[in-house]
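Source file: final-v7.csv; contents: CSV, C-alpha atoms and all ligand atoms.
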chain,number,residue,atom,x,y,z
A,27,MET,CA,23.9,-1.2,1.9
A,28,ASP,CA,25.4,-4.4,3.3
A,29,GLY,CA,24.6,-7.5,1.4
A,30,MET,CA,22.8,-5.7,-1.5
A,31,PRO,CA,23.6,-6.9,-5.0
A,32,PRO,CA,24.8,-4.3,-7.5
A,33,VAL,CA,22.6,-2.3,-9.8
A,34,ASP,CA,22.8,-3.3,-13.4
A,35,VAL,CA,22.6,-0.7,-16.1
A,36,PRO,CA,21.1,-2.2,-19.3
A,37,THR,CA,21.6,-0.8,-22.7
A,38,THR,CA,17.9,-0.5,-23.5
A,39,THR,CA,15.2,1.5,-21.8
A,40,PRO,CA,12.4,-0.5,-20.1
A,41,SER,CA,9.4,-1.4,-22.3
A,42,THR,CA,6.5,1.0,-22.5
A,43,GLY,CA,4.1,-1.7,-21.4
A,44,VAL,CA,2.2,-1.4,-24.7
A,45,ALA,CA,1.1,-4.8,-25.9
A,46,PRO,CA,1.1,-5.5,-29.7
A,47,ALA,CA,-2.2,-5.5,-31.4
A,48,VAL,CA,-3.6,-9.0,-31.8
A,49,GLU,CA,-6.3,-9.8,-34.3
A,50,PRO,CA,-9.2,-12.0,-33.3
A,51,SER,CA,-8.7,-15.5,-34.7
A,52,ALA,CA,-11.8,-15.3,-36.9
A,53,GLY,CA,-14.8,-13.0,-37.3
A,54,THR,CA,-15.8,-10.1,-35.1
A,55,ALA,CA,-15.5,-10.4,-31.3
A,56,PRO,CA,-19.0,-10.6,-29.8
A,57,SER,CA,-20.0,-7.8,-27.5
A,58,LEU,CA,-21.5,-8.6,-24.2
A,59,GLU,CA,-23.2,-6.0,-22.0
A,60,PRO,CA,-21.7,-5.6,-18.6
A,61,SER,CA,-23.8,-7.4,-15.9
A,62,SER,CA,-24.8,-4.0,-14.5
A,63,GLY,CA,-23.7,-0.5,-14.6
A,64,ALA,CA,-23.2,2.1,-17.3
A,65,PRO,CA,-20.7,1.6,-20.2
A,66,THR,CA,-17.2,2.4,-19.4
A,67,PRO,CA,-16.5,6.1,-20.0
A,68,SER,CA,-13.6,7.0,-22.1
A,69,VAL,CA,-10.3,7.3,-20.1
A,70,GLU,CA,-6.8,7.5,-21.3
A,71,PRO,CA,-4.9,4.2,-21.6
A,72,SER,CA,-3.2,3.3,-18.4
A,73,SER,CA,0.2,2.7,-19.9
A,74,VAL,CA,1.2,6.3,-20.2
A,75,ALA,CA,3.7,6.6,-17.5
A,76,PRO,CA,6.9,8.0,-18.9
A,77,THR,CA,9.9,5.9,-19.3
A,78,PRO,CA,13.0,7.2,-17.5
A,79,SER,CA,14.3,8.5,-20.8
A,80,ALA,CA,11.3,10.8,-21.0
A,81,SER,CA,11.6,12.2,-17.5
A,82,ALA,CA,13.6,15.1,-16.4
A,83,SER,CA,16.1,12.8,-14.7
A,84,SER,CA,19.5,12.0,-16.1
A,85,GLY,CA,21.3,8.7,-16.8
A,86,ALA,CA,20.3,5.4,-18.2
A,87,ALA,CA,17.4,3.3,-16.9
A,88,PRO,CA,18.8,1.2,-14.0
A,89,THR,CA,17.4,-2.2,-13.0
A,90,LEU,CA,17.9,-4.5,-10.1
A,91,PRO,CA,18.7,-8.2,-10.5
A,92,PRO,CA,15.5,-10.3,-10.3
A,93,ARG,CA,14.8,-11.3,-6.7
A,94,ALA,CA,12.9,-14.2,-5.1
A,95,ALA,CA,10.0,-13.6,-2.7
A,96,VAL,CA,12.1,-13.8,0.5
A,97,PRO,CA,10.1,-13.8,3.8
A,98,LEU,CA,10.1,-11.0,6.3
A,99,ARG,CA,12.9,-10.9,8.8
A,100,LYS,CA,11.6,-11.8,12.2
A,101,PRO,CA,11.1,-8.4,14.0
A,102,ALA,CA,11.9,-7.7,17.6
A,103,PRO,CA,8.9,-7.8,20.0
A,104,ARG,CA,7.5,-4.6,21.3
A,105,GLY,CA,5.4,-5.8,24.3
A,106,PRO,CA,3.7,-8.9,25.8
A,107,ILE,CA,1.4,-9.6,22.8
A,108,SER,CA,4.1,-9.5,20.1
A,109,ALA,CA,6.5,-11.4,22.4
A,110,ALA,CA,4.0,-14.2,23.0
A,111,LEU,CA,3.2,-14.3,19.3
A,112,LEU,CA,6.7,-14.4,18.1
A,113,ALA,CA,7.6,-17.0,20.7
A,114,ALA,CA,4.7,-19.2,19.5
A,115,LEU,CA,5.6,-18.7,15.8
A,116,SER,CA,9.1,-20.0,16.5
A,117,ARG,CA,7.6,-23.4,17.0
A,118,SER,CA,5.3,-25.6,14.9
A,119,PRO,CA,1.5,-25.3,15.0
A,120,GLY,CA,0.0,-27.9,17.2
A,121,ASP,CA,3.0,-27.9,19.5
A,122,VAL,CA,2.2,-24.6,21.1
A,123,ASP,CA,-0.3,-23.4,23.6
A,124,LEU,CA,-1.6,-20.0,22.4
A,125,GLY,CA,-2.9,-19.3,25.9
A,126,PRO,CA,-0.2,-16.7,26.8
A,127,LEU,CA,-0.9,-14.8,23.6
A,128,ARG,CA,-4.7,-14.7,24.2
A,129,VAL,CA,-4.1,-13.7,27.8
A,130,ALA,CA,-1.9,-10.8,26.7
A,131,VAL,CA,-4.5,-9.7,24.1
A,132,ALA,CA,-7.3,-9.8,26.7
A,133,ALA,CA,-5.3,-7.8,29.2
A,134,ARG,CA,-4.6,-5.2,26.5
A,135,LEU,CA,-8.2,-5.0,25.4
A,136,ALA,CA,-9.3,-4.3,29.0
A,137,ASP,CA,-7.5,-0.9,28.5
A,138,PRO,CA,-9.6,1.4,26.2
A,139,ALA,CA,-6.5,3.2,24.8
A,140,ASP,CA,-6.2,3.7,21.1
A,141,LEU,CA,-5.0,0.6,19.3
A,142,ARG,CA,-3.8,2.5,16.2
A,143,THR,CA,-0.9,3.9,18.1
A,144,ASP,CA,-0.1,0.8,20.2
A,145,GLU,CA,3.3,-0.5,19.2
A,146,ASP,CA,2.7,-4.0,20.5
A,147,VAL,CA,-0.7,-4.4,18.9
A,148,GLN,CA,0.3,-3.1,15.5
A,149,LEU,CA,3.4,-5.2,15.3
A,150,ALA,CA,1.5,-8.3,16.3
A,151,LEU,CA,-1.1,-7.5,13.6
A,152,LEU,CA,1.6,-6.9,11.0
A,153,CYS,CA,3.2,-10.3,11.8
A,154,LEU,CA,-0.2,-12.1,11.7
A,155,TYR,CA,-1.1,-10.6,8.3
A,156,GLU,CA,2.4,-11.2,7.0
A,157,LEU,CA,1.7,-14.9,7.2
A,158,HIS,CA,-0.7,-14.3,4.2
A,159,TYR,CA,1.9,-12.5,2.1
A,160,ARG,CA,5.5,-13.8,2.1
A,161,GLY,CA,5.7,-15.3,5.6
A,162,ILE,CA,8.3,-14.7,8.3
A,163,ALA,CA,11.8,-16.1,8.2
A,164,GLY,CA,11.9,-19.3,10.4
A,165,VAL,CA,8.1,-19.5,10.8
A,166,ASP,CA,6.3,-22.6,9.7
A,167,ASP,CA,4.0,-21.9,6.7
A,168,ASP,CA,1.3,-24.0,8.3
A,169,TRP,CA,0.7,-21.2,10.8
A,170,GLU,CA,-1.1,-19.3,8.0
A,171,TRP,CA,-4.4,-21.3,8.4
A,172,ASP,CA,-4.0,-22.5,11.9
A,173,PRO,CA,-7.5,-22.1,13.4
A,174,ASP,CA,-6.3,-21.2,16.9
A,175,LEU,CA,-4.0,-18.5,15.5
A,176,LEU,CA,-6.8,-17.2,13.3
A,177,ALA,CA,-9.0,-17.0,16.3
A,178,ALA,CA,-6.3,-15.1,18.2
A,179,ARG,CA,-6.0,-12.7,15.2
A,180,ALA,CA,-9.7,-12.1,15.3
A,181,GLU,CA,-9.4,-11.1,18.9
A,182,LEU,CA,-7.1,-8.2,17.8
A,183,GLU,CA,-8.5,-7.3,14.4
A,184,VAL,CA,-12.2,-7.1,15.5
A,185,PRO,CA,-11.5,-4.3,18.0
A,186,PHE,CA,-9.1,-2.7,15.6
A,187,GLU,CA,-11.8,-2.5,12.9
A,188,ALA,CA,-14.4,-1.4,15.4
A,189,GLU,CA,-12.1,1.4,16.5
A,190,LEU,CA,-11.7,2.5,12.9
A,191,ARG,CA,-15.4,2.4,12.3
A,192,ARG,CA,-16.0,4.4,15.5
A,193,THR,CA,-13.4,7.1,15.0
A,194,VAL,CA,-12.8,7.6,11.3
A,195,PRO,CA,-15.3,10.2,10.0
A,196,VAL,CA,-17.1,9.1,6.9
A,197,PRO,CA,-19.1,11.5,4.9
A,198,GLY,CA,-22.6,10.7,3.6
A,199,CYS,CA,-23.3,10.3,-0.1
A,200,ASP,CA,-26.6,11.5,-1.5
A,201,ARG,CA,-26.1,10.2,-5.0
A,202,ARG,CA,-25.2,6.5,-4.8
A,203,ASP,CA,-24.9,5.9,-8.5
A,204,ARG,CA,-21.6,5.5,-10.3
A,205,THR,CA,-20.9,9.2,-10.9
A,206,GLY,CA,-22.2,10.3,-7.5
A,207,VAL,CA,-19.9,7.9,-5.6
A,208,ALA,CA,-16.9,8.7,-7.8
A,209,GLU,CA,-17.5,12.5,-7.3
A,210,ARG,CA,-17.9,11.9,-3.5
A,211,LEU,CA,-14.5,10.1,-3.5
A,212,PHE,CA,-12.8,12.8,-5.4
A,213,ALA,CA,-14.3,15.4,-3.1
A,214,MET,CA,-13.0,13.5,0.0
A,215,ALA,CA,-9.5,13.4,-1.4
A,216,ALA,CA,-9.6,17.0,-2.4
A,217,ALA,CA,-10.9,18.0,1.1
A,218,ASP,CA,-8.3,15.9,2.9
A,219,ALA,CA,-7.0,18.3,5.6
A,220,GLY,CA,-4.0,16.2,6.6
A,221,PRO,CA,-0.6,17.9,6.9
A,222,SER,CA,1.2,18.1,3.6
A,223,LEU,CA,4.2,15.9,3.9
A,224,SER,CA,4.8,16.2,0.2
A,225,ARG,CA,5.0,20.0,0.3
A,226,PHE,CA,7.4,19.8,3.2
A,227,VAL,CA,9.6,17.3,1.3
A,228,ALA,CA,9.5,19.5,-1.8
A,229,ARG,CA,10.7,22.6,0.0
A,230,LYS,CA,12.5,21.8,3.2
A,231,ALA,CA,13.2,18.2,4.0
A,232,THR,CA,16.8,17.3,4.7
A,233,GLU,CA,18.5,14.2,3.2
A,234,PRO,CA,18.2,12.3,6.6
A,235,GLN,CA,14.5,13.2,6.7
A,236,LEU,CA,14.0,12.0,3.1
A,237,ARG,CA,15.7,8.8,4.0
A,238,GLU,CA,13.3,8.4,7.0
A,239,LEU,CA,10.3,9.0,4.7
A,240,LEU,CA,11.6,6.2,2.4
A,241,VAL,CA,12.0,3.9,5.4
A,242,HIS,CA,8.4,4.6,6.5
A,243,ARG,CA,7.0,4.0,3.1
A,244,SER,CA,9.1,0.9,2.5
A,245,ILE,CA,6.8,-1.1,4.8
A,246,TYR,CA,4.0,-0.9,2.2
A,247,GLN,CA,5.8,0.1,-1.0
A,248,LEU,CA,8.0,-3.0,-1.1
A,249,LYS,CA,4.8,-5.0,-1.4
A,250,GLU,CA,3.0,-2.2,-3.3
A,251,ALA,CA,-0.4,-3.2,-4.6
A,252,ASP,CA,-0.5,-6.6,-2.9
A,253,PRO,CA,-3.2,-5.8,-0.3
A,254,HIS,CA,-5.6,-4.5,-2.9
A,255,THR,CA,-5.0,-7.5,-5.1
A,256,TRP,CA,-6.9,-9.6,-2.6
A,257,ALA,CA,-10.0,-8.0,-4.0
A,258,ILE,CA,-9.7,-9.3,-7.6
A,259,PRO,CA,-11.4,-12.7,-7.2
A,260,ARG,CA,-14.1,-11.0,-5.1
A,261,LEU,CA,-15.2,-8.7,-7.9
A,262,ALA,CA,-16.8,-9.4,-11.3
A,263,GLY,CA,-17.4,-7.6,-14.6
A,264,GLY,CA,-16.4,-3.9,-15.0
A,265,PRO,CA,-15.0,-3.4,-11.4
A,266,LYS,CA,-12.9,-6.5,-11.7
A,267,ALA,CA,-11.5,-5.4,-15.1
A,268,ALA,CA,-10.8,-1.9,-13.8
A,269,LEU,CA,-8.9,-3.3,-10.7
A,270,VAL,CA,-6.9,-5.6,-12.9
A,271,GLU,CA,-6.0,-2.7,-15.2
A,272,ILE,CA,-4.6,-0.7,-12.3
A,273,GLN,CA,-2.8,-3.7,-10.7
A,274,ALA,CA,-1.2,-4.7,-14.0
A,275,ASP,CA,0.4,-1.2,-14.1
A,276,GLU,CA,1.5,-1.6,-10.5
A,277,TYR,CA,3.1,-4.9,-11.3
A,278,GLY,CA,5.0,-3.5,-14.3
A,279,ASP,CA,2.8,-4.5,-17.2
A,280,GLY,CA,4.7,-7.8,-17.6
A,281,ASP,CA,8.1,-6.3,-17.0
A,282,PRO,CA,9.5,-7.1,-13.6
A,283,HIS,CA,11.9,-4.1,-13.8
A,284,ARG,CA,8.9,-1.8,-14.0
A,285,MET,CA,7.1,-3.1,-11.0
A,286,HIS,CA,6.4,-0.2,-8.7
A,287,ALA,CA,7.9,-2.1,-5.7
A,288,GLU,CA,11.1,-2.5,-7.7
A,289,LEU,CA,11.2,1.2,-8.6
A,290,PHE,CA,10.8,1.9,-4.9
A,291,ALA,CA,13.7,-0.4,-4.1
A,292,LEU,CA,15.8,1.5,-6.6
A,293,ALA,CA,15.0,4.8,-4.9
A,294,MET,CA,16.0,3.2,-1.5
A,295,ARG,CA,19.3,2.2,-2.9
A,296,ALA,CA,19.9,5.6,-4.3
A,297,PHE,CA,19.6,6.9,-0.8
A,298,GLY,CA,21.9,4.2,0.6
A,299,LEU,CA,19.1,2.3,2.3
A,300,ASP,CA,18.6,-1.5,2.5
A,301,ASP,CA,15.9,-2.5,0.1
A,302,ALA,CA,15.4,-6.0,1.5
A,303,TYR,CA,11.7,-6.8,2.1
A,304,GLY,CA,10.7,-5.5,5.5
A,305,ALA,CA,14.3,-4.5,6.5
A,306,TYR,CA,13.0,-1.6,8.5
A,307,VAL,CA,10.0,-3.0,10.4
A,308,ASP,CA,11.9,-2.5,13.6
A,309,HIS,CA,12.4,1.1,12.8
A,310,VAL,CA,8.9,2.3,12.1
A,311,PRO,CA,6.2,3.2,14.6
A,312,ALA,CA,2.7,1.9,15.1
A,313,ALA,CA,1.2,4.7,13.1
A,314,THR,CA,3.0,3.6,10.0
A,315,LEU,CA,2.3,-0.1,10.6
A,316,ALA,CA,-1.4,0.7,11.2
A,317,SER,CA,-1.7,2.1,7.6
A,318,LEU,CA,-0.6,-1.2,6.1
A,319,ASN,CA,-2.5,-3.3,8.7
A,320,ALA,CA,-5.7,-1.5,7.7
A,321,MET,CA,-5.1,-2.4,4.1
A,322,SER,CA,-4.5,-6.0,5.0
A,323,LEU,CA,-7.6,-6.1,7.3
A,324,LEU,CA,-9.8,-4.7,4.5
A,325,GLY,CA,-8.2,-6.7,1.8
A,326,LEU,CA,-8.3,-10.1,3.5
A,327,HIS,CA,-12.0,-10.1,4.3
A,328,ARG,CA,-14.4,-10.6,1.4
A,329,ARG,CA,-17.1,-8.7,3.3
A,330,SER,CA,-14.8,-5.7,3.2
A,331,ARG,CA,-14.4,-5.7,-0.6
A,332,GLY,CA,-16.1,-2.3,-0.9
A,333,ALA,CA,-13.8,-0.9,1.7
A,334,ILE,CA,-10.6,-2.0,0.1
A,335,VAL,CA,-11.9,-0.7,-3.2
A,336,GLY,CA,-12.6,2.7,-1.6
A,337,HIS,CA,-9.2,2.6,0.0
A,338,LEU,CA,-7.5,2.1,-3.3
A,339,ALA,CA,-9.5,4.9,-4.9
A,340,ALA,CA,-8.5,7.3,-2.1
A,341,PHE,CA,-4.9,6.1,-2.4
A,342,GLU,CA,-4.7,6.7,-6.1
A,343,MET,CA,-6.5,10.1,-5.8
A,344,THR,CA,-3.9,11.4,-3.3
A,345,SER,CA,-0.8,10.2,-5.2
A,346,SER,CA,-0.1,12.0,-8.4
A,347,LEU,CA,0.5,15.5,-7.1
A,348,PRO,CA,2.3,14.4,-3.9
A,349,ASN,CA,4.6,12.3,-6.0
A,350,ARG,CA,5.5,15.2,-8.2
A,351,LEU,CA,6.4,17.1,-5.0
A,352,TYR,CA,8.4,14.2,-3.6
A,353,GLY,CA,10.3,14.0,-6.8
A,354,ASN,CA,11.0,17.7,-6.6
A,355,GLY,CA,12.4,17.2,-3.1
A,356,VAL,CA,14.6,14.4,-4.3
A,357,ARG,CA,16.0,16.6,-7.1
A,358,ARG,CA,16.4,19.6,-4.7
A,359,LEU,CA,18.7,17.4,-2.6
A,360,GLY,CA,20.8,16.7,-5.7
A,361,HIS,CA,19.5,13.2,-6.6
A,362,ASP,CA,18.6,13.6,-10.2
A,363,GLU,CA,19.7,10.2,-11.2
A,364,VAL,CA,17.0,7.9,-12.6
A,365,ALA,CA,17.3,5.4,-9.8
A,366,ALA,CA,16.3,8.0,-7.3
A,367,THR,CA,13.5,9.7,-9.2
A,368,TRP,CA,11.9,7.0,-11.4
A,369,TYR,CA,9.5,5.8,-8.8
A,370,PHE,CA,8.1,9.3,-8.2
A,371,ASP,CA,8.0,10.3,-11.8
A,372,GLU,CA,6.2,7.1,-12.7
A,373,HIS,CA,3.4,7.8,-10.2
A,374,VAL,CA,2.9,11.4,-11.4
A,375,ALA,CA,1.7,10.1,-14.7
A,376,ALA,CA,0.3,6.6,-13.8
A,377,ASP,CA,-1.8,7.7,-10.9
A,378,ALA,CA,-3.3,10.6,-12.8
A,379,VAL,CA,-4.9,7.8,-14.8
A,380,HIS,CA,-5.3,5.3,-12.0
A,381,GLU,CA,-7.4,7.8,-10.0
A,382,GLN,CA,-9.9,8.1,-12.8
A,383,ILE,CA,-10.1,4.3,-13.3
A,384,ALA,CA,-10.3,3.7,-9.5
A,385,GLY,CA,-13.0,6.4,-8.9
A,386,ARG,CA,-15.3,5.7,-11.8
A,387,ASP,CA,-14.7,2.2,-13.3
A,388,LEU,CA,-13.8,0.5,-10.1
A,389,ALA,CA,-15.5,2.2,-7.1
A,390,GLY,CA,-18.3,3.9,-9.0
A,391,ALA,CA,-19.1,0.8,-11.0
A,392,LEU,CA,-19.0,-1.4,-7.9
A,393,ALA,CA,-21.5,0.9,-6.2
A,394,GLU,CA,-23.9,0.4,-9.0
A,395,GLN,CA,-23.4,-3.4,-9.0
A,396,GLU,CA,-23.7,-3.7,-5.3
A,397,PRO,CA,-25.4,-0.6,-3.8
A,398,GLU,CA,-25.2,-2.0,-0.3
A,399,LEU,CA,-21.4,-1.5,-0.5
A,400,VAL,CA,-21.5,2.3,-0.9
A,401,ASP,CA,-21.0,3.1,2.8
A,402,ASP,CA,-18.1,0.7,3.0
A,403,ILE,CA,-16.5,2.1,-0.1
A,404,LEU,CA,-16.5,5.5,1.6
A,405,PHE,CA,-15.3,4.0,4.8
A,406,GLY,CA,-12.3,2.5,3.1
A,407,ALA,CA,-11.5,5.8,1.5
A,408,ALA,CA,-11.8,7.6,4.8
A,409,CYS,CA,-9.5,5.0,6.5
A,410,CYS,CA,-6.9,5.6,3.8
A,411,LEU,CA,-7.0,9.4,4.3
A,412,ALA,CA,-7.1,9.2,8.1
A,413,LEU,CA,-4.4,6.6,8.7
A,414,ASP,CA,-2.0,8.0,6.1
A,415,GLY,CA,-2.6,11.5,7.4
A,416,ALA,CA,-1.9,10.4,11.0
A,417,ALA,CA,1.4,8.7,10.0
A,418,ALA,CA,2.4,11.8,8.1
A,419,ALA,CA,1.5,14.1,11.0
A,420,ARG,CA,3.6,12.0,13.3
A,421,MET,CA,6.5,12.3,11.0
A,422,LEU,CA,6.2,16.1,10.7
A,423,GLN,CA,5.8,16.6,14.4
A,424,ALA,CA,9.0,14.6,15.1
A,425,TRP,CA,10.9,16.6,12.5
A,426,ASP,CA,9.5,19.9,13.8
A,427,ALA,CA,10.7,19.0,17.3
A,428,GLY,CA,14.2,18.1,15.9
A,429,ARG,CA,13.7,14.4,16.5
A,430,THR,CA,13.9,11.4,14.3
A,431,SER,CA,10.4,10.0,13.3
A,432,LEU,CA,11.7,6.5,13.6
A,433,LEU,CA,11.9,4.3,16.7
A,434,ARG,CA,15.6,3.9,16.3
A,435,PRO,CA,18.2,5.8,14.3
A,436,LEU,CA,19.2,4.6,10.9
A,437,PRO,CA,22.7,3.1,10.5
A,501,FE,FE,2.2,2.4,-7.8
A,502,FE,FE,-1.3,3.6,-8.9

Final structure tokens representation of the file:
Amino acid sequence: MDGMPPVDVPTTTPSTGVAPAVEPSAGTAPSLEPSSGAPTPSVEPSSVAPTPSASASSGAAPTLPPRAAVPLRKPAPRGPISAALLAALSRSPGDVDLGPLRVAVAARLADPADLRTDEDVQLALLCLYELHYRGIAGVDDDWEWDPDLLAARAELEVPFEAELRRTVPVPGCDRRDRTGVAERLFAMAAADAGPSLSRFVARKATEPQLRELLVHRSIYQLKEADPHTWAIPRLAGGPKAALVEIQADEYGDGDPHRMHAELFALAMRAFGLDDAYGAYVDHVPAATLASLNAMSLLGLHRRSRGAIVGHLAAFEMTSSLPNRLYGNGVRRLGHDEVAATWYFDEHVAADAVHEQIAGRDLAGALAEQEPELVDDILFGAACCLALDGAAAARMLQAWDAGRTSLLRPLP
């Protein structure tokens, strides 16, 4: 809790995110056919998530003071690759020989062991990708587009992606039209055989375990939606509009207090955790970092736009019910205050809508626009399910063995 500003309690509830009706300036708006694909099916409006006053929680809607985009705190190295990388990043581009970094990467890649669970590799990837988000404290912004560092990043991410493509099972898809692809994605999410972390949390998790879960999730949730936003300028027409509709909700529909990342920060504070961006990177294992790194990998490469769309679809399709169960667990532990439950309640409603938009209007419509992306859409969805499942399994195994799931205990 050190250094965290206080929570303000306003006298009004947050906005519903419903924009006022605006008349066209003159005449009737012309109707253009989409560039390809079927007309948009009817879906419920996306701004249906309940305000805290409509939820089962008690108390007024809390908000956090507006915050600036502070960079990631520089993490501690976990091996020769991240040590060489962080040492280089502490100096200016052009002043540094990246040879030691590339030697360390080459030595690691000579070993065929799994990269997804390699602490050193995943931390290095996280730092390299973070240069494209908010940066790292004390690191020169010019590193973001330094060609030698980008080459070094490729030496890590190419084998990381190759490992994912080699090991993550991806089902086939007979019907490659909009409805067929959407139904395949829903079927993949429904068949996900990963361990049910959310059921465990609803029924059994202790308060320390719930705090650990929030710490794991904070690595992504405090930048929630950002990796998928990279896809917006790479799409057009219906899929672009659908992605923007989802992302607008994720970013609070114009209200910074309703941004999902901010709601997650509220929940962290309710459990006495530090909600600073990336505060717990040093605590979380490679399996958790790999989930975010896969999103960054797929989001940052235009050629992977199908995969990041598929990833988002699977993410949304596996969110609504689990968040209901997480919320139940939070309340079971006596945290029925809005600050603790709002994030979870918001996602029960919002993601029941988002999964329809993501499956049909985004992924399905993209499959019709660019049929050659169908396999990648399914690959991205499979990556989401596999990596999030692996991170959850690791958590549950640690708790089952009576251990912390983190690399170091929480203060
Ligand atoms: Fe969200
Ligand atoms: Fe969502």

Taking only residues of chain A that have an atom at most 9 Å from an atom of ligand FE 501 (chain A), what is each one's shortest atom pair and its distance in Å to one decimal, using all atoms listed in the file, in chain and number order, as a tab-separated table?
residue	atom	partner	partner_atom	distance
A:Gln247	CA	A:FE501	FE	8.0
A:Glu250	CA	A:FE501	FE	6.5
A:Ala251	CA	A:FE501	FE	7.0
A:Ile272	CA	A:FE501	FE	8.7
A:Gln273	CA	A:FE501	FE	8.4
A:Asp275	CA	A:FE501	FE	7.5
A:Glu276	CA	A:FE501	FE	4.9
A:Tyr277	CA	A:FE501	FE	8.1
A:Met285	CA	A:FE501	FE	8.0
A:His286	CA	A:FE501	FE	5.0
A:Ala287	CA	A:FE501	FE	7.6
A:Glu342	CA	A:FE501	FE	8.3
A:Ser345	CA	A:FE501	FE	8.8
A:Tyr369	CA	A:FE501	FE	8.1
A:Glu372	CA	A:FE501	FE	7.9
A:His373	CA	A:FE501	FE	6.0
A:Ala376	CA	A:FE501	FE	7.6
A:Asp377	CA	A:FE501	FE	7.3

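Each of A:Arg328, A:Arg237, A:His309, A:Lys249 was checked against Glu288 in chain A using all atoms listed in the file; the smallest atom-to-atom distance is that of A:Lys249.
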
Query raised in the report: Using only C-alpha atoms, what residues lie at most 12 Å away from (12.5, 12.2, 14.5) (file coordinates), given as a PyMOL selection string?
Result: chain A and resi 232+234-239+242+309-311+418-436

Output for the residues just chosen: C-alpha atoms as a short mmCIF file (atom, residue, chain, number, x, y, z; two decimals), in the coordinates of the input:
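That gives us part.cif:
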data_model
loop_
_atom_site.label_atom_id
_atom_site.label_comp_id
_atom_site.auth_asym_id
_atom_site.auth_seq_id
_atom_site.Cartn_x
_atom_site.Cartn_y
_atom_site.Cartn_z
CA THR A 232 16.80 17.30 4.70
CA PRO A 234 18.20 12.30 6.60
CA GLN A 235 14.50 13.20 6.70
CA LEU A 236 14.00 12.00 3.10
CA ARG A 237 15.70 8.80 4.00
CA GLU A 238 13.30 8.40 7.00
CA LEU A 239 10.30 9.00 4.70
CA HIS A 242 8.40 4.60 6.50
CA HIS A 309 12.40 1.10 12.80
CA VAL A 310 8.90 2.30 12.10
CA PRO A 311 6.20 3.20 14.60
CA ALA A 418 2.40 11.80 8.10
CA ALA A 419 1.50 14.10 11.00
CA ARG A 420 3.60 12.00 13.30
CA MET A 421 6.50 12.30 11.00
CA LEU A 422 6.20 16.10 10.70
CA GLN A 423 5.80 16.60 14.40
CA ALA A 424 9.00 14.60 15.10
CA TRP A 425 10.90 16.60 12.50
CA ASP A 426 9.50 19.90 13.80
CA ALA A 427 10.70 19.00 17.30
CA GLY A 428 14.20 18.10 15.90
CA ARG A 429 13.70 14.40 16.50
CA THR A 430 13.90 11.40 14.30
CA SER A 431 10.40 10.00 13.30
CA LEU A 432 11.70 6.50 13.60
CA LEU A 433 11.90 4.30 16.70
CA ARG A 434 15.60 3.90 16.30
CA PRO A 435 18.20 5.80 14.30
CA LEU A 436 19.20 4.60 10.90
#

Query raised in the report: Given the choices A:Leu404, A:Ala305, A:Thr89, A:Lys266, which gets closest to Asp281 in chain A if the distance is worked out from only C-alpha atoms?
Result: A:Thr89

Query - Interatomic distance, CA of Arg260 in chain A to CA of Ala274 in chain A (Å, one decimal) - result: 16.9 Å
